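What follows is the content of input.tsv (TSV, C-alpha atoms and all ligand atoms).
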```tsv
chain	number	residue	atom	x	y	z
A	669	MET	CA	0.44	-10.98	-24.06
A	670	MET	CA	-1.55	-13.10	-21.61
A	671	CYS	CA	-1.96	-11.45	-18.23
A	672	MET	CA	-4.33	-13.05	-15.76
A	673	ARG	CA	-6.74	-10.71	-14.03
A	674	VAL	CA	-7.78	-12.15	-10.70
A	675	SER	CA	-10.22	-11.39	-7.90
A	676	VAL	CA	-9.00	-10.63	-4.41
A	677	SER	CA	-9.81	-14.14	-3.18
A	678	GLN	CA	-8.05	-15.77	-6.15
A	679	ALA	CA	-5.08	-13.49	-5.50
A	680	ALA	CA	-4.99	-14.57	-1.85
A	681	GLN	CA	-4.86	-18.22	-2.92
A	682	LEU	CA	-2.04	-17.53	-5.38
A	683	LEU	CA	-0.06	-15.66	-2.72
A	684	ALA	CA	-0.49	-18.53	-0.27
A	685	LEU	CA	0.98	-20.81	-2.96
A	686	GLY	CA	4.05	-18.57	-3.18
A	687	LYS	CA	3.05	-16.80	-6.42
A	688	LEU	CA	3.36	-13.11	-7.26
A	689	VAL	CA	0.34	-10.83	-7.51
A	690	VAL	CA	0.07	-7.20	-8.60
A	691	PHE	CA	-2.37	-5.33	-6.34
A	692	PRO	CA	-3.56	-1.72	-6.14
A	693	THR	CA	-2.71	0.72	-3.39
A	694	GLU	CA	-3.58	4.41	-3.11
A	695	THR	CA	0.00	5.46	-3.98
A	696	VAL	CA	1.15	3.12	-6.75
A	697	TYR	CA	0.49	-0.56	-7.50
A	698	GLY	CA	2.52	-3.11	-5.56
A	699	LEU	CA	4.15	-6.34	-6.76
A	700	GLY	CA	3.29	-8.56	-3.83
A	701	ALA	CA	4.48	-11.82	-2.32
A	702	CYS	CA	4.17	-13.28	1.18
A	703	ALA	CA	6.92	-11.54	3.12
A	704	ASP	CA	7.81	-14.67	5.10
A	705	ASN	CA	8.24	-16.89	2.04
A	706	PRO	CA	11.90	-16.77	0.87
A	707	SER	CA	11.29	-18.22	-2.59
A	708	ALA	CA	8.30	-15.95	-3.24
A	709	VAL	CA	10.36	-12.92	-2.18
A	710	GLU	CA	13.18	-14.13	-4.43
A	711	ALA	CA	10.69	-14.22	-7.31
A	712	ILE	CA	9.98	-10.48	-6.80
A	713	TYR	CA	13.67	-9.70	-7.36
A	714	ILE	CA	13.71	-11.79	-10.52
A	715	ALA	CA	10.45	-10.33	-11.91
A	716	LYS	CA	11.63	-6.76	-11.36
A	717	GLY	CA	15.33	-7.28	-12.12
A	718	ARG	CA	15.86	-5.58	-8.76
A	719	PRO	CA	19.32	-5.41	-7.16
A	720	ARG	CA	19.50	-7.90	-4.26
A	721	ASP	CA	20.72	-5.36	-1.72
A	722	ASN	CA	17.51	-3.36	-2.07
A	723	PRO	CA	15.05	-4.53	0.64
A	724	LEU	CA	11.26	-4.57	0.29
A	725	ILE	CA	8.54	-2.57	2.05
A	726	CYS	CA	6.11	-4.80	3.98
A	727	HIS	CA	2.38	-4.15	3.87
A	728	PHE	CA	0.25	-4.91	6.91
A	729	TYR	CA	-3.48	-4.97	7.54
A	730	ASN	CA	-3.22	-2.83	10.69
A	731	THR	CA	-0.92	-1.95	13.58
A	732	LEU	CA	-2.04	-5.01	15.55
A	733	GLU	CA	-0.61	-7.19	12.82
A	734	ILE	CA	2.66	-5.22	12.91
A	735	GLU	CA	2.91	-5.90	16.64
A	736	ARG	CA	1.95	-9.53	16.16
A	737	PHE	CA	5.26	-9.86	14.28
A	738	GLY	CA	7.16	-8.55	17.28
A	739	ILE	CA	7.80	-5.10	15.85
A	740	VAL	CA	7.68	-2.55	18.66
A	741	LEU	CA	5.84	0.71	17.99
A	742	SER	CA	7.16	3.64	20.03
A	743	SER	CA	4.71	6.32	21.16
A	744	VAL	CA	5.80	8.39	18.17
A	745	ALA	CA	5.36	5.55	15.66
A	746	ARG	CA	1.99	4.73	17.18
A	747	THR	CA	0.88	8.35	16.91
A	748	LEU	CA	1.96	8.59	13.28
A	749	PHE	CA	0.20	5.40	12.30
A	750	ALA	CA	-2.92	6.34	14.28
A	751	ALA	CA	-3.19	9.62	12.37
A	752	CYS	CA	-2.03	8.53	8.92
A	753	SER	CA	-3.02	4.91	8.45
A	754	PRO	CA	-4.31	3.32	6.48
A	755	GLY	CA	-2.52	5.79	4.25
A	756	PRO	CA	0.57	6.88	2.33
A	757	LEU	CA	3.03	6.75	5.24
A	758	SER	CA	5.69	4.05	5.61
A	759	LEU	CA	7.71	3.78	8.80
A	760	LEU	CA	11.22	2.40	9.13
A	761	LEU	CA	11.18	0.43	12.39
A	762	THR	CA	13.42	-2.01	14.22
A	763	LEU	CA	12.94	-5.65	13.26
A	764	PRO	CA	13.49	-8.22	16.01
A	765	GLN	CA	16.24	-10.78	15.49
A	766	SER	CA	15.30	-13.99	13.70
A	767	SER	CA	12.02	-12.51	12.52
A	768	SER	CA	10.04	-14.57	10.03
A	769	LEU	CA	9.94	-11.42	7.87
A	770	ALA	CA	13.72	-11.50	7.32
A	771	PRO	CA	13.35	-12.64	3.67
A	772	ALA	CA	11.78	-9.28	2.77
A	773	THR	CA	14.41	-7.17	4.49
A	774	GLY	CA	17.42	-9.16	3.31
A	775	GLY	CA	18.33	-9.95	6.90
A	776	ARG	CA	18.46	-6.30	8.02
A	777	GLU	CA	17.72	-5.17	11.54
A	778	SER	CA	15.08	-2.77	10.28
A	779	ILE	CA	11.89	-3.05	8.29
A	780	ILE	CA	9.68	-0.56	6.49
A	781	CYS	CA	6.01	-1.06	7.43
A	782	ARG	CA	3.06	0.36	5.55
A	783	ILE	CA	-0.72	0.04	5.87
A	784	PRO	CA	-2.11	0.86	2.42
A	785	ASN	CA	-5.37	2.73	2.01
A	786	HIS	CA	-7.09	0.89	-0.79
A	787	PRO	CA	-10.15	-1.29	-0.15
A	788	LEU	CA	-8.86	-4.13	-2.35
A	789	ALA	CA	-5.38	-4.06	-0.76
A	790	LEU	CA	-6.89	-4.16	2.72
A	791	GLU	CA	-9.26	-6.95	1.74
A	792	LEU	CA	-6.33	-8.91	0.31
A	793	LEU	CA	-4.22	-8.39	3.45
A	794	ARG	CA	-7.14	-9.44	5.62
A	795	ILE	CA	-7.70	-12.70	3.72
A	796	VAL	CA	-4.01	-13.58	3.33
A	797	ASP	CA	-3.58	-12.87	7.04
A	798	ARG	CA	0.15	-12.22	6.80
A	799	PRO	CA	2.27	-9.29	5.62
A	800	LEU	CA	2.96	-8.80	1.93
A	801	ALA	CA	6.35	-7.66	0.72
A	802	ALA	CA	5.58	-5.35	-2.19
A	803	PRO	CA	7.82	-2.96	-4.03
A	804	SER	CA	6.27	-0.78	-6.69
A	805	ALA	CA	5.05	-2.85	-9.65
A	806	ASN	CA	7.57	-1.98	-12.34
A	807	THR	CA	10.80	-3.22	-13.86
A	808	SER	CA	13.60	-1.92	-11.66
A	809	GLY	CA	14.56	1.64	-12.62
A	810	ARG	CA	11.31	2.34	-14.49
A	811	MET	CA	8.41	4.49	-13.41
A	812	SER	CA	6.01	2.97	-10.90
A	813	GLY	CA	2.74	1.57	-12.22
A	814	THR	CA	-0.38	3.59	-11.46
A	815	GLN	CA	-2.79	1.88	-13.85
A	816	ILE	CA	-3.10	-1.86	-14.50
A	817	GLU	CA	-2.60	-1.48	-18.25
A	818	MET	CA	0.89	0.01	-17.88
A	819	ILE	CA	1.93	-2.70	-15.42
A	820	GLU	CA	0.69	-5.56	-17.60
A	821	HIS	CA	2.59	-3.99	-20.48
A	822	ASP	CA	5.74	-3.83	-18.36
A	823	LEU	CA	5.75	-7.05	-16.31
A	824	GLN	CA	3.60	-9.29	-18.54
A	825	GLU	CA	3.75	-13.00	-17.63
A	826	ARG	CA	6.45	-12.45	-15.05
A	827	VAL	CA	3.55	-12.06	-12.59
A	828	THR	CA	0.88	-14.73	-12.08
A	829	GLY	CA	-2.12	-12.54	-11.21
A	830	TYR	CA	-3.21	-8.94	-11.58
A	831	ILE	CA	-5.88	-7.22	-9.49
A	832	ASP	CA	-7.34	-4.17	-11.24
A	833	GLY	CA	-8.15	-1.46	-8.71
A	834	GLY	CA	-8.44	1.45	-11.13
A	835	GLU	CA	-6.15	4.44	-11.28
A	836	ALA	CA	-4.04	4.90	-8.12
A	837	SER	CA	-5.52	7.95	-6.40
A	838	ILE	CA	-2.23	9.52	-5.27
A	839	GLY	CA	0.09	8.34	-8.02
A	840	ILE	CA	3.48	8.72	-6.32
A	841	GLU	CA	5.04	6.46	-3.70
A	842	SER	CA	4.43	6.74	0.04
A	843	THR	CA	6.45	8.99	2.33
A	844	ILE	CA	9.10	6.95	4.15
A	845	VAL	CA	9.94	8.09	7.68
A	846	ASP	CA	12.68	6.65	9.86
A	847	ALA	CA	10.78	6.32	13.15
A	848	ARG	CA	13.30	4.22	15.07
A	849	SER	CA	13.97	7.03	17.55
A	850	VAL	CA	11.49	9.11	19.56
A	851	GLU	CA	13.93	12.04	19.70
A	852	ASN	CA	14.17	12.60	15.99
A	853	ILE	CA	12.46	11.21	12.94
A	854	ARG	CA	13.75	11.57	9.41
A	855	ILE	CA	11.99	11.74	6.07
A	856	LEU	CA	13.84	9.27	3.86
A	857	ARG	CA	11.58	9.61	0.84
A	858	PRO	CA	9.25	12.60	0.42
A	859	GLY	CA	5.61	11.99	-0.42
A	860	VAL	CA	2.18	13.51	0.03
A	861	ILE	CA	2.71	13.51	3.82
A	862	GLY	CA	5.54	15.94	4.59
A	863	VAL	CA	7.09	17.95	7.42
A	864	THR	CA	3.98	20.15	7.78
A	865	GLU	CA	1.60	17.22	8.16
A	866	LEU	CA	3.94	15.31	10.49
A	867	THR	CA	4.39	18.41	12.67
A	868	THR	CA	0.63	18.94	12.96
A	869	VAL	CA	0.04	15.32	13.95
A	870	LEU	CA	2.85	15.26	16.52
A	871	ARG	CA	1.94	18.63	18.09
A	872	ALA	CA	-1.62	17.48	18.61
A	873	ALA	CA	-0.39	14.24	20.18
A	874	LEU	CA	1.93	16.21	22.47
A	875	LEU	CA	-1.00	18.35	23.65
A	876	ARG	CA	-3.03	15.21	24.34
A	877	GLY	CA	-0.09	13.76	26.29
A	878	GLU	CA	0.33	10.82	23.92
A	879	ILE	CA	4.01	11.60	23.37
A	880	GLU	CA	6.42	12.96	25.96
A	881	SER	CA	8.27	15.46	23.82
A	882	MET	CA	8.22	16.80	20.32
A	883	PRO	CA	10.64	14.88	18.06
A	884	VAL	CA	12.90	16.84	15.75
A	885	ILE	CA	11.77	16.26	12.18
A	886	LEU	CA	14.80	15.93	9.94
A	887	GLY	CA	14.67	16.51	6.23
A	888	ARG	CA	15.56	14.05	3.60
A	889	SER	CA	18.96	12.46	3.60
A	890	GLU	CA	19.94	9.33	1.77
A	891	VAL	CA	22.88	8.75	4.04
A	892	ASP	CA	22.63	7.86	7.71
A	893	VAL	CA	25.15	8.46	10.48
A	894	ASP	CA	27.20	5.41	9.59
A	895	GLY	CA	27.65	6.80	6.11
A	896	GLN	CA	25.47	4.01	4.77
A	897	SER	CA	22.48	4.59	2.60
A	898	THR	CA	19.39	4.14	4.80
A	899	THR	CA	17.13	3.36	1.88
A	900	PRO	CA	19.30	1.50	-0.64
A	901	GLY	CA	16.74	2.19	-3.37
A	902	ALA	CA	17.74	5.87	-3.27
A	903	ARG	CA	21.08	4.93	-4.84
A	904	TYR	CA	19.64	3.61	-8.06
A	905	GLY	CA	18.26	5.38	-11.10
A	906	HIS	CA	14.53	5.64	-10.76
A	907	TYR	CA	11.13	6.32	-12.24
A	908	ALA	CA	12.37	6.63	-15.82
A	909	PRO	CA	10.56	5.98	-19.10
A	910	HIS	CA	12.35	4.16	-21.95
A	911	THR	CA	12.34	7.35	-24.02
A	912	PRO	CA	15.44	9.46	-23.27
A	913	LEU	CA	14.37	12.69	-21.57
A	914	ILE	CA	16.08	16.04	-21.56
A	915	ALA	CA	15.12	18.97	-19.36
A	916	GLY	CA	14.03	22.02	-21.30
A	917	SER	CA	12.40	25.38	-20.98
A	918	VAL	CA	9.18	26.77	-22.38
A	919	ARG	CA	11.31	28.95	-24.66
A	920	GLU	CA	12.61	25.84	-26.40
A	921	MET	CA	9.06	24.59	-26.75
A	922	ILE	CA	7.96	27.89	-28.30
A	923	SER	CA	10.82	27.71	-30.80
A	924	ARG	CA	9.57	24.20	-31.79
A	925	LYS	CA	12.98	22.70	-32.32
A	926	LYS	CA	12.53	20.09	-35.03
A	927	ASP	CA	15.02	17.71	-33.49
A	928	ILE	CA	12.78	17.31	-30.44
A	929	PRO	CA	9.84	15.09	-31.44
A	930	ALA	CA	7.90	15.33	-28.15
A	931	TYR	CA	7.36	17.66	-25.20
A	932	ILE	CA	5.89	17.06	-21.74
A	933	ALA	CA	4.67	20.12	-19.84
A	934	THR	CA	1.85	21.51	-17.75
A	935	GLU	CA	-1.27	22.82	-19.46
A	936	GLU	CA	-0.16	26.35	-18.64
A	937	TRP	CA	3.22	25.94	-20.35
A	938	LEU	CA	1.62	24.27	-23.37
A	939	ARG	CA	-0.89	27.12	-23.79
A	940	GLU	CA	1.86	29.66	-23.40
A	941	ALA	CA	3.70	27.96	-26.25
A	942	GLY	CA	0.52	28.05	-28.35
A	943	CYS	CA	0.03	24.28	-28.24
A	944	GLU	CA	-3.15	22.28	-27.95
A	945	VAL	CA	-3.89	20.45	-24.70
A	946	GLY	CA	-5.45	16.98	-24.66
A	947	SER	CA	-5.80	14.04	-22.32
A	948	VAL	CA	-4.05	11.95	-24.97
A	949	PRO	CA	-0.86	13.07	-26.73
A	950	VAL	CA	-1.58	15.75	-29.34
A	951	LEU	CA	0.31	15.81	-32.66
A	952	GLN	CA	0.87	19.30	-34.05
A	953	GLU	CA	3.08	19.98	-37.05
A	954	GLY	CA	4.96	16.75	-36.55
A	955	ILE	CA	5.62	17.26	-32.82
A	956	TRP	CA	3.87	15.47	-29.95
A	957	TYR	CA	2.66	17.39	-26.90
A	958	LEU	CA	1.74	15.63	-23.65
A	959	THR	CA	0.22	17.41	-20.69
A	960	LEU	CA	0.89	16.70	-17.03
A	961	GLY	CA	-2.26	18.61	-16.09
A	962	SER	CA	-2.72	22.05	-14.57
A	963	ARG	CA	-0.13	23.45	-12.18
A	964	GLN	CA	-3.13	24.59	-10.10
A	965	ASP	CA	-3.85	20.93	-9.39
A	966	LEU	CA	-0.72	19.26	-8.03
A	967	SER	CA	-2.70	16.18	-6.95
A	968	GLY	CA	-3.82	15.68	-10.54
A	969	ILE	CA	-0.24	16.03	-11.74
A	970	ALA	CA	1.01	13.49	-9.19
A	971	ARG	CA	-1.76	11.10	-10.22
A	972	ARG	CA	-0.88	11.37	-13.92
A	973	LEU	CA	2.91	11.75	-13.82
A	974	TYR	CA	3.95	8.14	-14.39
A	975	TYR	CA	1.07	7.42	-16.76
A	976	THR	CA	2.13	10.38	-18.91
A	977	LEU	CA	5.61	8.86	-19.14
A	978	TYR	CA	3.97	5.58	-20.19
A	979	GLN	CA	1.99	7.44	-22.88
A	980	LEU	CA	5.27	8.94	-24.05
A	981	ASP	CA	6.87	5.50	-24.38
A	982	GLN	CA	3.93	4.35	-26.52
A	983	LEU	CA	4.82	7.05	-29.07
A	984	LYS	CA	8.22	5.42	-29.67
A	985	VAL	CA	9.98	8.73	-30.34
A	986	LYS	CA	13.77	8.90	-30.04
A	987	LYS	CA	13.76	11.54	-27.29
A	988	ALA	CA	11.52	14.02	-25.49
A	989	CYS	CA	11.85	17.30	-23.67
A	990	PHE	CA	10.41	17.76	-20.15
A	991	VAL	CA	9.52	21.35	-19.27
A	992	ASN	CA	9.93	21.51	-15.51
A	993	GLU	CA	8.27	23.81	-12.96
A	994	GLN	CA	8.97	25.13	-9.47
A	995	TRP	CA	6.17	23.01	-7.92
A	996	GLY	CA	5.92	25.17	-4.79
A	997	SER	CA	6.60	24.51	-1.14
A	998	SER	CA	3.75	22.15	-0.20
A	999	SER	CA	4.66	18.59	0.77
A	1000	LEU	CA	3.29	17.31	-2.50
A	1001	GLY	CA	5.17	19.98	-4.45
A	1002	HIS	CA	8.34	18.88	-2.69
A	1003	ALA	CA	7.67	15.22	-3.52
A	1004	LEU	CA	6.95	16.02	-7.18
A	1005	LYS	CA	10.20	17.96	-7.40
A	1006	ASP	CA	12.07	14.97	-5.95
A	1007	ARG	CA	10.56	12.47	-8.41
A	1008	ILE	CA	11.00	14.67	-11.46
A	1009	GLU	CA	14.62	15.42	-10.58
A	1010	ARG	CA	15.24	11.70	-10.39
A	1011	ILE	CA	13.38	11.05	-13.65
A	1012	LEU	CA	15.59	13.63	-15.36
A	1013	ALA	CA	18.79	12.59	-13.59
A	1014	VAL	CA	19.00	9.13	-15.12
A	1015	ARG	CA	19.87	10.69	-18.46
B	1	LIG	O1	3.97	3.68	-1.97
B	1	LIG	C1	4.81	2.80	-1.76
B	1	LIG	O2	5.58	2.82	-0.80
B	1	LIG	C2	4.86	1.63	-2.77
B	1	LIG	C3	3.55	0.84	-2.65
B	1	LIG	C4	3.54	-0.39	-3.51
B	1	LIG	O3	3.32	0.53	-1.30
B	1	LIG	N1	6.03	0.82	-2.56
B	1	LIG	C5	7.27	1.23	-2.90
B	1	LIG	O4	8.27	0.28	-2.72
B	1	LIG	O5	7.52	2.33	-3.35
B	1	LIG	P1	9.71	0.36	-3.42
B	1	LIG	O6	10.33	-0.94	-3.16
B	1	LIG	O7	9.59	0.76	-4.83
B	1	LIG	O8	10.48	1.44	-2.58
B	1	LIG	C6	10.86	1.13	-1.26
B	1	LIG	C7	12.06	1.89	-0.81
B	1	LIG	C8	13.32	1.50	-1.54
B	1	LIG	O9	14.09	2.67	-1.77
B	1	LIG	C9	14.04	0.57	-0.55
B	1	LIG	O10	15.44	0.66	-0.65
B	1	LIG	C10	13.56	1.10	0.79
B	1	LIG	O11	12.26	1.58	0.58
B	1	LIG	N2	13.50	0.05	1.83
B	1	LIG	C11	12.64	-0.97	1.93
B	1	LIG	N3	12.86	-1.71	3.05
B	1	LIG	C12	13.89	-1.13	3.69
B	1	LIG	C13	14.61	-1.39	4.91
B	1	LIG	N4	14.31	-2.42	5.70
B	1	LIG	N5	15.62	-0.56	5.24
B	1	LIG	C14	15.95	0.49	4.48
B	1	LIG	N6	15.31	0.79	3.32
B	1	LIG	C15	14.31	0.01	2.92
B	2	MG	MG	9.98	1.48	-6.68
```
Output the file's structure as structure tokens, nothing else.
Amino acid sequence: MMCMRVSVSQAAQLLALGKLVVFPTETVYGLGACADNPSAVEAIYIAKGRPRDNPLICHFYNTLEIERFGIVLSSVARTLFAACSPGPLSLLLTLPQSSSLAPATGGRESIICRIPNHPLALELLRIVDRPLAAPSANTSGRMSGTQIEMIEHDLQERVTGYIDGGEASIGIESTIVDARSVENIRILRPGVIGVTELTTVLRAALLRGEIESMPVILGRSEVDVDGQSTTPGARYGHYAPHTPLIAGSVREMISRKKDIPAYIATEEWLREAGCEVGSVPVLQEGIWYLTLGSRQDLSGIARRLYYTLYQLDQLKVKKACFVNEQWGSSSLGHALKDRIERILAVR
């Protein structure tokens, strides 16, 4: 396998030539191309095996750049970006007709904009000086890449250059909020920023007089008023390892069923079942045990979730059992629950 590691300036040159580059963000790595270059955007679909009706998030250097492309930020959108960007918040906004960014959105009238909070991503966006369309860096349907090694293993030579930015600090994808209306906003994909955080930001802005009224914050729904999926990606199987996963309980783990060659669970569940805990998979009496981390540290679990699934795939076992948790009511707990349900649903 020959994957080319590149510097930010080399990556910028490749992108300008219409090539694909994997770059780090604080959520997950992105598979980037210039959003206004139709053939480069087309190459993203081919590299990922992504369905054509699934549009791409666009990454911008700052809100000025978003406006430079004619995208209008309402007072609410402006407030959200001012408080949360650069950061793990993506806003669905209206895209003007005949925008040069149409290749990334598949000709839709809306676009998802994100300003990533990673120094290398921001440096790249600054040098390239145009928005980058970038879905998560993984084969379509597989778990998002959070460390360069797992992405190189997955995408290999289908991508020209790879920028190594270390382990993604959040580890799950950004929150997507439909911010096309100032009356109500809707969470389309949960993430580390949730209803609580959005409410706090908007209340403060209301007190400062930056917004006229408090928008209603609607929970997650994959289907909009027209009965159409607002984020087409929500329709597809997602975030899955190659290894078939079944959901199981700690009781099954304690009984050490011999037909299950591997278990994934929190440290607490593993200890309860009398298993060893290690940062690499632990083999005990012919069964592999992989830890997600401690349930006391949801951020750590989010950071390691997809990498743990990658470690599982390396074991090449015929199936594995995932011992799920409640995950609690925090925004991150909610997002973890969403991802894990999807990981388990593909089976
Ligand atoms: O954290 C993230 O958001 C990462 C990093 C790389 O920034 N990106 C990411 O992109 O997760 P992706 O493509 O894996 O997920 C984007 C989701 C998909 O479900 C897609 O259908 C939806 O956003 N989407 C993108 N553009 C859209 C648009 N214009 N209208 C509706 N949905 C859109
Ligand atoms: Mg994705």
- request: Excluding Ala684 (chain A) and any residue of its chain fewer than 3 positions from it, enumerate the residues within 10 Å of it, using only C-alpha atoms, and give them as a ChimeraX atom specification.
  value: /A:678-681,687-688,701-702,705,708,796-798
message: Report as a ChimeraX atom specification all protein, DNA and RNA residues lying within 8 Å of region 995-1005 of chain A, evaluated on all atoms listed in the file, omitting residues in the same chain fewer than 2 positions from it.
response: /A:858-864,963,966-967,970,993,1007-1009
Resulting file, chosen residues, C-alpha atoms, as a compact mmCIF listing (two decimals), in the frame of the given file:
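This is the output file selection35.txt:
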```
# COMPACT_ATOMS: atom_id res chain seq x y z
CA PRO A 858 9.25 12.60 0.42
CA GLY A 859 5.61 11.99 -0.42
CA VAL A 860 2.18 13.51 0.03
CA ILE A 861 2.71 13.51 3.82
CA GLY A 862 5.54 15.94 4.59
CA VAL A 863 7.09 17.95 7.42
CA THR A 864 3.98 20.15 7.78
CA ARG A 963 -0.13 23.45 -12.18
CA LEU A 966 -0.72 19.26 -8.03
CA SER A 967 -2.70 16.18 -6.95
CA ALA A 970 1.01 13.49 -9.19
CA GLU A 993 8.27 23.81 -12.96
CA ARG A 1007 10.56 12.47 -8.41
CA ILE A 1008 11.00 14.67 -11.46
CA GLU A 1009 14.62 15.42 -10.58
```
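The two atoms in question, CA of Ala988 (chain A) and CA of Leu938 (chain A), are spaced 14.4 Å apart.
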- request: Enumerate as a ChimeraX atom specification the residues within 7 Å of ligand MG 2 (chain B), counting all atoms listed in the file.
  value: /A:803-804,812
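With distances taken over all atoms listed in the file, A:Val690 is the one residue among A:Ile932, A:Ile879, A:Leu973, A:Val690 lying closest to ligand LIG 1 (chain B).
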- request: Kindly provide, as an MDAnalysis selection string, all nucleotide and amino acid residues lying within 8 Å of ligand LIG 1 (chain B), counting only C-alpha atoms and all ligand atoms.
  value: chainID A and resid 692:699 722:727 756:758 760:761 772:774 776:780 782 784 802:805 812 840:844 857 897:903
With C-alpha atoms retained, could you export that selection as a PDB file, in the frame of the given file?
```pdb
ATOM      1  CA  PRO A 692      -3.560  -1.720  -6.140  1.00  0.00           C
ATOM      2  CA  THR A 693      -2.710   0.720  -3.390  1.00  0.00           C
ATOM      3  CA  GLU A 694      -3.580   4.410  -3.110  1.00  0.00           C
ATOM      4  CA  THR A 695       0.000   5.460  -3.980  1.00  0.00           C
ATOM      5  CA  VAL A 696       1.150   3.120  -6.750  1.00  0.00           C
ATOM      6  CA  TYR A 697       0.490  -0.560  -7.500  1.00  0.00           C
ATOM      7  CA  GLY A 698       2.520  -3.110  -5.560  1.00  0.00           C
ATOM      8  CA  LEU A 699       4.150  -6.340  -6.760  1.00  0.00           C
ATOM      9  CA  ASN A 722      17.510  -3.360  -2.070  1.00  0.00           C
ATOM     10  CA  PRO A 723      15.050  -4.530   0.640  1.00  0.00           C
ATOM     11  CA  LEU A 724      11.260  -4.570   0.290  1.00  0.00           C
ATOM     12  CA  ILE A 725       8.540  -2.570   2.050  1.00  0.00           C
ATOM     13  CA  CYS A 726       6.110  -4.800   3.980  1.00  0.00           C
ATOM     14  CA  HIS A 727       2.380  -4.150   3.870  1.00  0.00           C
ATOM     15  CA  PRO A 756       0.570   6.880   2.330  1.00  0.00           C
ATOM     16  CA  LEU A 757       3.030   6.750   5.240  1.00  0.00           C
ATOM     17  CA  SER A 758       5.690   4.050   5.610  1.00  0.00           C
ATOM     18  CA  LEU A 760      11.220   2.400   9.130  1.00  0.00           C
ATOM     19  CA  LEU A 761      11.180   0.430  12.390  1.00  0.00           C
ATOM     20  CA  ALA A 772      11.780  -9.280   2.770  1.00  0.00           C
ATOM     21  CA  THR A 773      14.410  -7.170   4.490  1.00  0.00           C
ATOM     22  CA  GLY A 774      17.420  -9.160   3.310  1.00  0.00           C
ATOM     23  CA  ARG A 776      18.460  -6.300   8.020  1.00  0.00           C
ATOM     24  CA  GLU A 777      17.720  -5.170  11.540  1.00  0.00           C
ATOM     25  CA  SER A 778      15.080  -2.770  10.280  1.00  0.00           C
ATOM     26  CA  ILE A 779      11.890  -3.050   8.290  1.00  0.00           C
ATOM     27  CA  ILE A 780       9.680  -0.560   6.490  1.00  0.00           C
ATOM     28  CA  ARG A 782       3.060   0.360   5.550  1.00  0.00           C
ATOM     29  CA  PRO A 784      -2.110   0.860   2.420  1.00  0.00           C
ATOM     30  CA  ALA A 802       5.580  -5.350  -2.190  1.00  0.00           C
ATOM     31  CA  PRO A 803       7.820  -2.960  -4.030  1.00  0.00           C
ATOM     32  CA  SER A 804       6.270  -0.780  -6.690  1.00  0.00           C
ATOM     33  CA  ALA A 805       5.050  -2.850  -9.650  1.00  0.00           C
ATOM     34  CA  SER A 812       6.010   2.970 -10.900  1.00  0.00           C
ATOM     35  CA  ILE A 840       3.480   8.720  -6.320  1.00  0.00           C
ATOM     36  CA  GLU A 841       5.040   6.460  -3.700  1.00  0.00           C
ATOM     37  CA  SER A 842       4.430   6.740   0.040  1.00  0.00           C
ATOM     38  CA  THR A 843       6.450   8.990   2.330  1.00  0.00           C
ATOM     39  CA  ILE A 844       9.100   6.950   4.150  1.00  0.00           C
ATOM     40  CA  ARG A 857      11.580   9.610   0.840  1.00  0.00           C
ATOM     41  CA  SER A 897      22.480   4.590   2.600  1.00  0.00           C
ATOM     42  CA  THR A 898      19.390   4.140   4.800  1.00  0.00           C
ATOM     43  CA  THR A 899      17.130   3.360   1.880  1.00  0.00           C
ATOM     44  CA  PRO A 900      19.300   1.500  -0.640  1.00  0.00           C
ATOM     45  CA  GLY A 901      16.740   2.190  -3.370  1.00  0.00           C
ATOM     46  CA  ALA A 902      17.740   5.870  -3.270  1.00  0.00           C
ATOM     47  CA  ARG A 903      21.080   4.930  -4.840  1.00  0.00           C
TER      48      ARG A 903
END
```
Residue nearest Tyr830 (chain A) - candidates A:Ser675, A:Asn852, A:Thr868, A:Asn785, atoms counted: only C-alpha atoms: A:Ser675
query: Can you list, as a list in words, every protein, DNA or RNA residue that comes within 7 Å of Arg854 (chain A) when you count only C-alpha atoms, leaving out same-chain residues fewer than 3 positions away?
result: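 The residues that qualify are Val845, Asp846, Ile885, Leu886, Gly887 and Arg888 of chain A.
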field: Point-to-point distance from CA of Gly829 (chain A) to CA of Val674 (chain A), Å rounded to tenths
entry: 5.7 Å
task: Go through A:Pro719, A:Pro912, A:Gly833, A:Pro787 and flag the residue nearest Leu1012 (chain A), using all atoms listed in the file for the distances.
output: A:Pro912
task: Would you list the contacts of Leu870 (chain A) as a list in words, taking every protein, DNA or RNA residue within 8 Å and counting all atoms listed in the file, but skipping same-chain residues closer than 3 positions in sequence?
output: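 My list of contacting residues is Val744, Thr747, Leu748, Leu866, Thr867, Ala873, Leu874, Ile879, Met882 and Pro883 of chain A.
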statement: Correct to one decimal, the distance CA of Ala933 (chain A)-CA of Glu920 (chain A) is 11.8 Å
Put a box with edges along x, y and z around all the listed atoms of region 823-835 of chain A, pad it by 3 Å on each side, then give me its centre and sizes in Å, one decimal, as AutoDock Vina command-line options.
```
--center_x -1.0 --center_y -5.1 --center_z -13.6 --size_x 20.9 --size_y 25.2 --size_z 15.8
```
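Nearest residue to Gly775 (chain A), choosing from A:Ala915, A:Pro706, A:Val827, A:Thr959 and counting all atoms listed in the file: A:Pro706.
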message: From the options A:Ser743, A:Ser947, A:Thr911, A:Gln964, which residue's atoms come nearest to Leu983 (chain A), counting only C-alpha atoms?
response: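 Comparing A:Ser743, A:Ser947, A:Thr911, A:Gln964 against Leu983 (chain A), the winner is A:Thr911.
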message: I'd like to know which of A:Cys943, A:Ala770, A:Val676, A:Val985 is closest to Ser923 (chain A), using only C-alpha atoms.
response: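 Among the listed residues, A:Cys943 lies closest to Ser923 (chain A).
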